[in-house]
Each structure stands twice: as structure tokens, then as C-alpha cells.
$ cat query14.pdb   # PDB, C-alpha atoms
ATOM      1  CA  MET A 101     108.206  90.198  70.191
ATOM      2  CA  ARG A 102     106.150  90.826  73.297
ATOM      3  CA  PHE A 103     106.518  88.859  76.503
ATOM      4  CA  VAL A 104     104.054  88.609  79.376
ATOM      5  CA  GLY A 105     104.102  86.893  82.738
ATOM      6  CA  PHE A 106     101.394  84.720  84.228
ATOM      7  CA  ARG A 107     100.897  82.693  87.391
ATOM      8  CA  ASP A 108     101.184  78.920  87.248
ATOM      9  CA  GLY A 109     100.678  77.671  90.780
ATOM     10  CA  ARG A 110     103.350  79.395  92.860
ATOM     11  CA  GLN A 111     105.534  80.164  89.858
ATOM     12  CA  ILE A 112     105.605  83.075  87.444
ATOM     13  CA  GLN A 113     105.928  81.834  83.884
ATOM     14  CA  VAL A 114     106.965  83.962  80.910
ATOM     15  CA  GLY A 115     105.223  83.531  77.581
ATOM     16  CA  VAL A 116     105.334  85.188  74.176
ATOM     17  CA  LEU A 117     102.290  86.768  72.582
ATOM     18  CA  THR A 118     101.669  84.800  69.394
ATOM     19  CA  GLY A 119      98.630  86.769  68.339
ATOM     20  CA  GLY A 120      96.303  89.373  69.747
ATOM     21  CA  ASP A 121      94.808  87.004  72.277
ATOM     22  CA  ARG A 122      97.136  84.003  72.720
ATOM     23  CA  VAL A 123     100.214  83.357  74.850
ATOM     24  CA  ALA A 124     102.710  80.561  74.202
ATOM     25  CA  PRO A 125     104.356  79.538  77.512
ATOM     26  CA  LEU A 126     108.166  79.465  77.520
ATOM     27  CA  ALA A 127     109.780  79.093  80.952
ATOM     28  CA  GLU A 128     109.675  80.046  84.610
ATOM     29  CA  ALA A 129     110.722  83.707  84.874
ATOM     30  CA  GLY A 130     114.108  83.007  86.487
ATOM     31  CA  GLU A 131     114.931  80.344  83.881
ATOM     32  CA  PHE A 132     113.816  82.658  81.085
ATOM     33  CA  TYR A 133     116.264  85.431  81.983
ATOM     34  CA  GLU A 134     119.087  82.993  82.716
ATOM     35  CA  ASP A 135     119.079  81.843  79.067
ATOM     36  CA  LEU A 136     117.576  84.593  76.925
ATOM     37  CA  PRO A 137     119.151  83.379  73.632
ATOM     38  CA  ARG A 138     117.506  79.972  74.026
ATOM     39  CA  TRP A 139     114.067  81.239  74.961
ATOM     40  CA  THR A 140     113.943  84.104  72.463
ATOM     41  CA  ALA A 141     114.839  81.653  69.692
ATOM     42  CA  ARG A 142     112.000  79.409  70.865
ATOM     43  CA  ALA A 143     109.683  82.421  70.995
ATOM     44  CA  ARG A 144     110.468  83.264  67.368
ATOM     45  CA  GLU A 145     109.457  79.757  66.361
ATOM     46  CA  LEU A 146     106.198  79.980  68.276
ATOM     47  CA  THR A 147     105.227  83.413  66.933
ATOM     48  CA  ARG A 148     105.070  81.887  63.462
ATOM     49  CA  GLN A 149     102.269  79.659  64.746
ATOM     50  CA  GLU A 150      99.384  82.081  65.182
ATOM     51  CA  LEU A 151      97.253  79.594  67.113
ATOM     52  CA  ALA A 152     100.056  78.451  69.429
ATOM     53  CA  GLY A 153      99.560  78.847  73.157
ATOM     54  CA  ARG A 154      96.731  79.582  75.533
ATOM     55  CA  GLU A 155      94.007  82.209  75.537
ATOM     56  CA  LEU A 156      95.301  85.426  77.114
ATOM     57  CA  ALA A 157      91.946  86.060  78.791
ATOM     58  CA  GLY A 158      92.181  82.762  80.671
ATOM     59  CA  LEU A 159      95.511  83.539  82.339
ATOM     60  CA  SER A 160      96.225  85.174  85.688
ATOM     61  CA  LEU A 161      98.704  87.771  84.493
ATOM     62  CA  ALA A 162     101.750  88.880  86.477
ATOM     63  CA  PRO A 163     104.801  91.034  85.705
ATOM     64  CA  ALA A 164     107.241  89.195  83.421
ATOM     65  CA  VAL A 165     109.929  89.677  86.053
ATOM     66  CA  ALA A 166     112.072  87.195  87.987
ATOM     67  CA  GLY A 167     111.795  87.355  91.764
ATOM     68  CA  SER A 168     115.547  87.982  92.015
ATOM     69  CA  ALA A 169     115.434  91.000  89.694
ATOM     70  CA  ARG A 170     116.433  94.435  90.903
ATOM     71  CA  VAL A 171     114.220  97.404  90.087
ATOM     72  CA  VAL A 172     116.447 100.468  89.831
ATOM     73  CA  CYS A 173     114.780 103.853  89.268
ATOM     74  CA  VAL A 174     116.016 107.256  88.149
ATOM     75  CA  GLY A 175     114.606 110.498  89.545
ATOM     76  CA  LEU A 176     114.598 113.871  87.749
ATOM     77  CA  ASN A 177     115.647 112.571  84.343
ATOM     78  CA  TYR A 178     113.558 114.922  82.180
ATOM     79  CA  ARG A 179     114.477 118.575  81.816
ATOM     80  CA  ALA A 180     110.887 119.831  81.966
ATOM     81  CA  HIS A 181     110.147 117.685  85.035
ATOM     82  CA  ALA A 182     113.171 119.084  86.886
ATOM     83  CA  ALA A 183     112.046 122.590  85.964
ATOM     84  CA  GLU A 184     108.454 122.123  87.179
ATOM     85  CA  GLY A 185     109.801 121.083  90.587
ATOM     86  CA  GLY A 186     112.236 123.983  90.758
ATOM     87  CA  PHE A 187     115.303 121.724  90.637
ATOM     88  CA  PRO A 188     118.535 122.407  88.735
ATOM     89  CA  ILE A 189     119.494 119.966  85.992
ATOM     90  CA  PRO A 190     121.325 117.176  87.868
ATOM     91  CA  GLU A 191     124.899 116.319  86.957
ATOM     92  CA  THR A 192     124.495 112.668  87.985
ATOM     93  CA  PRO A 193     121.407 110.427  87.848
ATOM     94  CA  ALA A 194     119.499 110.289  91.149
ATOM     95  CA  ILE A 195     119.024 106.585  91.900
ATOM     96  CA  PHE A 196     116.527 104.841  94.167
ATOM     97  CA  GLY A 197     115.148 101.324  94.367
ATOM     98  CA  ARG A 198     111.911  99.400  94.294
ATOM     99  CA  TRP A 199     111.183  95.828  95.266
ATOM    100  CA  THR A 200     109.571  93.430  92.841
ATOM    101  CA  ALA A 201     106.745  92.953  95.360
ATOM    102  CA  SER A 202     105.493  96.456  94.494
ATOM    103  CA  LEU A 203     105.002  95.591  90.804
ATOM    104  CA  ALA A 204     101.581  94.941  89.279
ATOM    105  CA  VAL A 205      99.950  94.512  85.875
ATOM    106  CA  ASP A 206      97.246  96.142  83.808
ATOM    107  CA  GLY A 207      93.903  96.159  85.608
ATOM    108  CA  THR A 208      95.265  95.603  89.115
ATOM    109  CA  PRO A 209      93.491  97.855  91.674
ATOM    110  CA  VAL A 210      96.014 100.135  93.410
ATOM    111  CA  PRO A 211      95.148 101.124  97.010
ATOM    112  CA  VAL A 212      95.880 104.538  98.498
ATOM    113  CA  PRO A 213      97.779 104.144 101.806
ATOM    114  CA  PRO A 214      95.689 105.469 104.721
ATOM    115  CA  ASP A 215      97.993 108.393 105.558
ATOM    116  CA  GLU A 216      98.190 109.687 101.994
ATOM    117  CA  ALA A 217      96.038 112.354 100.337
ATOM    118  CA  GLY A 218      96.289 110.201  97.224
ATOM    119  CA  LEU A 219      98.867 108.774  94.857
ATOM    120  CA  ASP A 220     100.834 110.640  92.204
ATOM    121  CA  TRP A 221     101.193 109.380  88.631
ATOM    122  CA  GLU A 222     104.502 108.998  86.767
ATOM    123  CA  VAL A 223     104.625 107.445  83.301
ATOM    124  CA  GLU A 224     108.064 105.915  82.723
ATOM    125  CA  LEU A 225     110.009 103.886  80.207
ATOM    126  CA  VAL A 226     111.538 100.759  81.754
ATOM    127  CA  ALA A 227     114.613  99.160  80.215
ATOM    128  CA  VAL A 228     114.948  95.411  80.802
ATOM    129  CA  VAL A 229     118.573  94.302  80.965
ATOM    130  CA  GLY A 230     119.480  91.425  78.656
ATOM    131  CA  ALA A 231     123.207  90.940  79.251
ATOM    132  CA  GLU A 232     125.625  91.144  82.145
ATOM    133  CA  LEU A 233     126.843  94.742  82.291
ATOM    134  CA  ARG A 234     129.912  95.577  84.360
ATOM    135  CA  CYS A 235     131.931  98.775  83.844
ATOM    136  CA  VAL A 236     130.686  99.187  80.271
ATOM    137  CA  ASP A 237     130.458 102.228  78.011
ATOM    138  CA  GLU A 238     127.169 103.778  76.859
ATOM    139  CA  GLU A 239     127.103 102.011  73.507
ATOM    140  CA  THR A 240     127.670  98.595  75.068
ATOM    141  CA  ALA A 241     125.073  99.320  77.754
ATOM    142  CA  LEU A 242     122.411 100.265  75.205
ATOM    143  CA  ALA A 243     123.193  97.163  73.148
ATOM    144  CA  GLY A 244     122.694  95.107  76.325
ATOM    145  CA  VAL A 245     119.020  96.077  76.661
ATOM    146  CA  PHE A 246     116.727  93.118  76.046
ATOM    147  CA  GLY A 247     113.532  95.127  75.827
ATOM    148  CA  TYR A 248     111.372  97.939  77.119
ATOM    149  CA  ALA A 249     108.066  98.244  78.962
ATOM    150  CA  THR A 250     105.521 100.881  79.919
ATOM    151  CA  PHE A 251     105.610 101.613  83.656
ATOM    152  CA  ASN A 252     103.691 103.767  86.132
ATOM    153  CA  ASP A 253     105.854 104.783  89.099
ATOM    154  CA  LEU A 254     102.904 105.589  91.361
ATOM    155  CA  SER A 255     104.202 107.565  94.323
ATOM    156  CA  ALA A 256     103.053 108.085  97.898
ATOM    157  CA  ARG A 257     104.388 111.628  98.253
ATOM    158  CA  ARG A 258     103.855 112.070 102.009
ATOM    159  CA  ALA A 259     105.934 108.980 102.746
ATOM    160  CA  GLN A 260     108.454 109.932 100.061
ATOM    161  CA  ARG A 261     109.090 113.323 101.674
ATOM    162  CA  LEU A 262     109.490 112.101 105.250
ATOM    163  CA  THR A 263     113.241 111.728 104.733
ATOM    164  CA  ALA A 264     115.844 112.298 102.032
ATOM    165  CA  GLN A 265     115.511 108.631 101.096
ATOM    166  CA  TRP A 266     112.585 108.000  98.729
ATOM    167  CA  THR A 267     112.278 104.230  99.190
ATOM    168  CA  LEU A 268     109.160 104.109 101.393
ATOM    169  CA  GLY A 269     107.083 106.353  99.156
ATOM    170  CA  LYS A 270     108.042 104.342  96.087
ATOM    171  CA  ASN A 271     107.006 100.910  97.362
ATOM    172  CA  SER A 272     103.376 101.071  98.398
ATOM    173  CA  ASP A 273     101.249  98.046  97.516
ATOM    174  CA  HIS A 274     100.741  97.419  93.763
ATOM    175  CA  SER A 275     102.190 100.862  93.010
ATOM    176  CA  GLY A 276     104.349  99.769  90.069
ATOM    177  CA  PRO A 277     102.050  98.695  87.221
ATOM    178  CA  ILE A 278     104.124  97.450  84.275
ATOM    179  CA  GLY A 279     103.191  96.304  80.789
ATOM    180  CA  PRO A 280     104.505  93.532  78.515
ATOM    181  CA  VAL A 281     108.216  93.505  77.654
ATOM    182  CA  VAL A 282     108.736  94.494  74.018
ATOM    183  CA  THR A 283     112.085  93.496  72.509
ATOM    184  CA  ALA A 284     114.539  96.301  71.805
ATOM    185  CA  ASP A 285     114.673  95.538  68.082
ATOM    186  CA  GLU A 286     111.008  96.542  67.810
ATOM    187  CA  VAL A 287     111.466  99.736  69.812
ATOM    188  CA  GLY A 288     114.797 101.167  68.660
ATOM    189  CA  ASP A 289     116.883 103.697  70.573
ATOM    190  CA  PRO A 290     114.561 105.735  72.847
ATOM    191  CA  ALA A 291     116.826 108.750  72.254
ATOM    192  CA  GLY A 292     115.145 108.971  68.850
ATOM    193  CA  GLY A 293     111.895 109.881  70.578
ATOM    194  CA  LEU A 294     109.021 107.968  72.140
ATOM    195  CA  ARG A 295     105.891 109.762  73.273
ATOM    196  CA  LEU A 296     104.816 109.132  76.887
ATOM    197  CA  VAL A 297     101.271 109.972  77.988
ATOM    198  CA  THR A 298      99.324 109.711  81.252
ATOM    199  CA  ARG A 299      95.539 109.981  81.404
ATOM    200  CA  VAL A 300      93.444 110.321  84.547
ATOM    201  CA  ASN A 301      89.783 109.491  83.967
ATOM    202  CA  GLY A 302      90.478 110.066  80.269
ATOM    203  CA  GLU A 303      92.111 113.490  80.738
ATOM    204  CA  VAL A 304      95.710 113.868  79.518
ATOM    205  CA  VAL A 305      97.852 114.999  82.465
ATOM    206  CA  GLN A 306     101.320 114.111  81.147
ATOM    207  CA  ASP A 307     102.488 114.330  77.542
ATOM    208  CA  GLY A 308     106.246 114.017  77.138
ATOM    209  CA  ASP A 309     108.932 112.592  74.893
ATOM    210  CA  THR A 310     112.045 110.560  75.644
ATOM    211  CA  LYS A 311     114.009 113.148  73.631
ATOM    212  CA  ASP A 312     113.756 115.322  76.765
ATOM    213  CA  MET A 313     115.765 112.838  78.869
ATOM    214  CA  ILE A 314     118.766 114.338  80.633
ATOM    215  CA  PHE A 315     120.539 110.978  80.831
ATOM    216  CA  PRO A 316     119.662 108.618  77.942
ATOM    217  CA  VAL A 317     119.191 104.917  78.553
ATOM    218  CA  GLY A 318     122.732 103.871  77.615
ATOM    219  CA  ARG A 319     124.272 106.492  79.882
ATOM    220  CA  VAL A 320     122.107 105.496  82.849
ATOM    221  CA  LEU A 321     122.986 101.817  82.488
ATOM    222  CA  ALA A 322     126.687 102.572  81.983
ATOM    223  CA  HIS A 323     126.648 104.749  85.117
ATOM    224  CA  LEU A 324     125.029 101.984  87.171
ATOM    225  CA  SER A 325     127.438  99.377  85.814
ATOM    226  CA  ARG A 326     130.399 101.162  87.354
ATOM    227  CA  THR A 327     129.086 100.378  90.834
ATOM    228  CA  MET A 328     126.819  97.365  90.449
ATOM    229  CA  THR A 329     126.865  94.558  87.916
ATOM    230  CA  LEU A 330     123.562  94.594  86.051
ATOM    231  CA  ARG A 331     122.233  91.166  85.148
ATOM    232  CA  PRO A 332     119.643  89.853  82.698
ATOM    233  CA  GLY A 333     116.160  90.547  83.983
ATOM    234  CA  ASP A 334     117.055  93.626  86.048
ATOM    235  CA  LEU A 335     114.744  96.581  85.423
ATOM    236  CA  VAL A 336     115.775 100.212  85.112
ATOM    237  CA  ALA A 337     112.968 102.787  85.237
ATOM    238  CA  THR A 338     114.272 105.876  83.467
ATOM    239  CA  GLY A 339     112.292 108.757  84.983
ATOM    240  CA  THR A 340     109.097 110.662  84.231
ATOM    241  CA  PRO A 341     108.347 113.755  82.123
ATOM    242  CA  ALA A 342     106.647 116.930  83.354
ATOM    243  CA  GLY A 343     103.041 116.991  84.495
ATOM    244  CA  VAL A 344     103.052 115.142  87.822
ATOM    245  CA  GLY A 345     100.323 115.916  90.323
ATOM    246  CA  HIS A 346     102.368 117.253  93.228
ATOM    247  CA  ALA A 347     103.893 120.018  91.066
ATOM    248  CA  ARG A 348     100.468 121.479  90.252
ATOM    249  CA  THR A 349      98.768 124.401  92.002
ATOM    250  CA  PRO A 350      96.866 123.145  93.850
ATOM    251  CA  ALA A 351      98.426 119.695  94.019
ATOM    252  CA  ARG A 352      96.341 116.931  92.481
ATOM    253  CA  PHE A 353      96.445 113.263  93.425
ATOM    254  CA  LEU A 354      94.792 110.007  92.450
ATOM    255  CA  ARG A 355      91.974 109.045  94.806
ATOM    256  CA  PRO A 356      89.663 106.044  95.097
ATOM    257  CA  GLY A 357      87.385 105.919  92.073
ATOM    258  CA  ASP A 358      89.959 107.376  89.686
ATOM    259  CA  VAL A 359      91.385 105.416  86.768
ATOM    260  CA  VAL A 360      94.939 106.106  85.613
ATOM    261  CA  GLU A 361      96.379 104.998  82.279
ATOM    262  CA  VAL A 362      99.965 105.344  81.049
ATOM    263  CA  GLU A 363     100.969 104.793  77.429
ATOM    264  CA  ILE A 364     104.237 104.826  75.472
ATOM    265  CA  ASP A 365     104.728 104.668  71.712
ATOM    266  CA  ARG A 366     105.438 101.136  70.412
ATOM    267  CA  LEU A 367     104.945  99.641  73.883
ATOM    268  CA  GLY A 368     101.270 100.049  74.646
ATOM    269  CA  SER A 369      99.333 101.124  77.710
ATOM    270  CA  VAL A 370      98.696 100.077  81.310
ATOM    271  CA  ARG A 371      95.410 101.052  82.977
ATOM    272  CA  ASN A 372      94.630 100.725  86.690
ATOM    273  CA  PRO A 373      91.779 101.700  89.009
ATOM    274  CA  ILE A 374      92.606 103.479  92.265
ATOM    275  CA  VAL A 375      90.872 102.074  95.336
ATOM    276  CA  ALA A 376      90.656 102.669  99.080
ATOM    277  CA  TRP A 377      93.063 100.967 101.441
ATOM    278  CA  PRO A 378      91.428  97.697 102.529
ATOM    279  CA  GLU A 379      90.193  97.532 106.087
ATOM    280  CA  SER A 380      92.147  95.151 108.284
TER     281      SER A 380
END

$ encode --input "query14.pdb" --output "C-alpha cells"
Amino acid sequence: MRFVGFRDGRQIQVGVLTGGDRVAPLAEAGEFYEDLPRWTARARELTRQELAGRELAGLSLAPAVAGSARVVCVGLNYRAHAAEGGFPIPETPAIFGRWTASLAVDGTPVPVPPDEAGLDWEVELVAVVGAELRCVDEETALAGVFGYATFNDLSARRAQRLTAQWTLGKNSDHSGPIGPVVTADEVGDPAGGLRLVTRVNGEVVQDGDTKDMIFPVGRVLAHLSRTMTLRPGDLVATGTPAGVGHARTPARFLRPGDVVEVEIDRLGSVRNPIVAWPES
């Protein structure tokens, strides 16, 4: 099943795609993740009704994420990506955070901050937590994944490099486009291999595979769970493969007028135009 978010007044509702162009509303995002068994059971009922729900094109889409969710990201989690940056293979996942306010959906224009030469692209697999995970092993952690989504961790490299902490450069406006949440049973274990691709203006600039992950999904979640209790609805972005713009010679960045698209097997794609920073 595939779940999307949409705006309903001041709330973000979660709905299930019942066909190619219809969404059956389920619950407010916070309620949805608080009782996943209830709402996924309801979603299964609705998906049998092909005409259930509202037209997708008539909705104001939003990330299918609760406002209280944490967005935890992993840096340098692909061997080839570590190598292109001249970094040794890390012994422990490098962790940084995003805020939900930085997330966006397919089609959202992403502005380049005024002090940046451009934005860098990073196709990533996001794991959506579906169970409370506290001090669990890798197998339990992987079994606790509700679903996965395609994600673009667009990065403001100048801001990212100002200090050893990456937070500022990873939270520029609308810089986290994310796709629908696809349930884990439809995706399988990413360690088996999922192709990740980034295209800029139609040109392939990243072409990787989750088989190249240094720390697989279960290991990342188990590692996090030994310090912080992960809760349903939390997001864990699992790193990007080789091919990012800043590692090129010369460096290449997304500028106003560019269109960036990220795609992952079984999950689909997210496409966003890059625009200038709005004048105040």
C-alpha cells in the first residue's frame, strides 16, 4: 500500500492510494501513526474499492509525516560515496537531524539560499518507523519498519561546511522532498538491492544501489535505538550513493531553472524545480 499526505485546513491528513488517481482519507497524521494497525487495516479495506476516495489531482499534497516526527539522517553510508569524498569507511554511522518543516513533496519549488552557489542533490532511501524501538537488535529493528519512501536530501554545502555540525546546511526551505510511503511488505529488505537514481534536467548524475550501504537499515535503527527510543512515524534517511555535485571537478550544483528528480526501485520518483530565493 501507498500512503500520501494532504492538507485539510490546518491539519495534515494521511490517505491511502486506492487507484492511480484516487486517495481515500484515513486520519490526521498524528492519529495515523499512533494506531498503525487500525488504520492499515482500514486502508486494506478501502484499496479493494477502486473508486473510493477523492481525486488525487484535487488535493493539496503534503508529506505523510506527523508534526512530532523526528527526521534522523545518516551521512557517509555508501562505500563509493565515502571514497569519492576521500573519507575512510566509518566505523559508526554519522548522524544528523532535520526538522519536519524542511520537508516537501513532488513538484514543490525549492529555493537556493542567497549565499549559496546552488544546492547539491542526494537521493536517499527513507525508512519510516512503525513500532517503538528501544535497545533492539538489527532483526527486530528491521521488522519494526512500517514503510519506505524516496527522499532528496538537498544540501546547502556552504552552510553545511561552516562548522563541524551539518544541521544548518541540511534544513534550508523545502530542501527535503519526499515521496509517498510504501509499506515494507511491498519493498522487502533493502539489503537485497534497490536502485537509486538522480537526474538533473534529464541527465543521470547518481546511479547507485542499496547493496553498497555500509550500515544496512536494521543496523542503523538498532544503533539509534540504543540512545533514543524510536517511535512510529519517525523517519530515518539512510544516506546517499556516489555522484553528488560537490565531489565533482569542477563542483556542480543545482541552480534556478534546473529540475532535479530522484527515483528508487519500487518506491517511485520525486521531481522538483529549483528556483531563486524569493525577494523579501

$ resolve_selection --input "query14.pdb" --expression "the PyMOL selection byres ((chain A and resi 324) around 12)" --output "VMD selection string"
chain A and resid 172 to 174 192 to 196 229 232 to 238 241 315 317 to 323 325 to 331 334 to 336

$ write_last_selection --input "query14.pdb" --atoms "C-alpha atoms" --output "JSON list (two decimals), keeping the file's coordinate frame"
[["chain", "number", "residue", "atom", "x", "y", "z"],
["A", 172, "VAL", "CA", 116.45, 100.47, 89.83],
["A", 173, "CYS", "CA", 114.78, 103.85, 89.27],
["A", 174, "VAL", "CA", 116.02, 107.26, 88.15],
["A", 192, "THR", "CA", 124.50, 112.67, 87.98],
["A", 193, "PRO", "CA", 121.41, 110.43, 87.85],
["A", 194, "ALA", "CA", 119.50, 110.29, 91.15],
["A", 195, "ILE", "CA", 119.02, 106.58, 91.90],
["A", 196, "PHE", "CA", 116.53, 104.84, 94.17],
["A", 229, "VAL", "CA", 118.57, 94.30, 80.96],
["A", 232, "GLU", "CA", 125.62, 91.14, 82.14],
["A", 233, "LEU", "CA", 126.84, 94.74, 82.29],
["A", 234, "ARG", "CA", 129.91, 95.58, 84.36],
["A", 235, "CYS", "CA", 131.93, 98.78, 83.84],
["A", 236, "VAL", "CA", 130.69, 99.19, 80.27],
["A", 237, "ASP", "CA", 130.46, 102.23, 78.01],
["A", 238, "GLU", "CA", 127.17, 103.78, 76.86],
["A", 241, "ALA", "CA", 125.07, 99.32, 77.75],
["A", 315, "PHE", "CA", 120.54, 110.98, 80.83],
["A", 317, "VAL", "CA", 119.19, 104.92, 78.55],
["A", 318, "GLY", "CA", 122.73, 103.87, 77.61],
["A", 319, "ARG", "CA", 124.27, 106.49, 79.88],
["A", 320, "VAL", "CA", 122.11, 105.50, 82.85],
["A", 321, "LEU", "CA", 122.99, 101.82, 82.49],
["A", 322, "ALA", "CA", 126.69, 102.57, 81.98],
["A", 323, "HIS", "CA", 126.65, 104.75, 85.12],
["A", 325, "SER", "CA", 127.44, 99.38, 85.81],
["A", 326, "ARG", "CA", 130.40, 101.16, 87.35],
["A", 327, "THR", "CA", 129.09, 100.38, 90.83],
["A", 328, "MET", "CA", 126.82, 97.36, 90.45],
["A", 329, "THR", "CA", 126.86, 94.56, 87.92],
["A", 330, "LEU", "CA", 123.56, 94.59, 86.05],
["A", 331, "ARG", "CA", 122.23, 91.17, 85.15],
["A", 334, "ASP", "CA", 117.06, 93.63, 86.05],
["A", 335, "LEU", "CA", 114.74, 96.58, 85.42],
["A", 336, "VAL", "CA", 115.78, 100.21, 85.11]]

$ residues_around --input "query14.pdb" --residues "Ala347 (chain A)" --least-positions-apart "6" --cutoff "12 Å" --atoms "all atoms listed in the file" --output "list in words"
Ala180, His181, Ala182, Ala183, Glu184, Gly185, Gly186, Phe187, Asp220, Trp221, Glu222, Arg257, Val305, Gln306, Pro341 and Phe353 of chain A

$ atom_distance --input "query14.pdb" --atom1 "CA of Glu145 (chain A)" --atom2 "CA of Pro125 (chain A)"
12.3 Å

$ atom_distance --input "query14.pdb" --atom1 "CA of Ala204 (chain A)" --atom2 "CA of Trp139 (chain A)"
23.4 Å

$ atom_distance --input "query14.pdb" --atom1 "CA of Val370 (chain A)" --atom2 "CA of Arg198 (chain A)"
18.5 Å
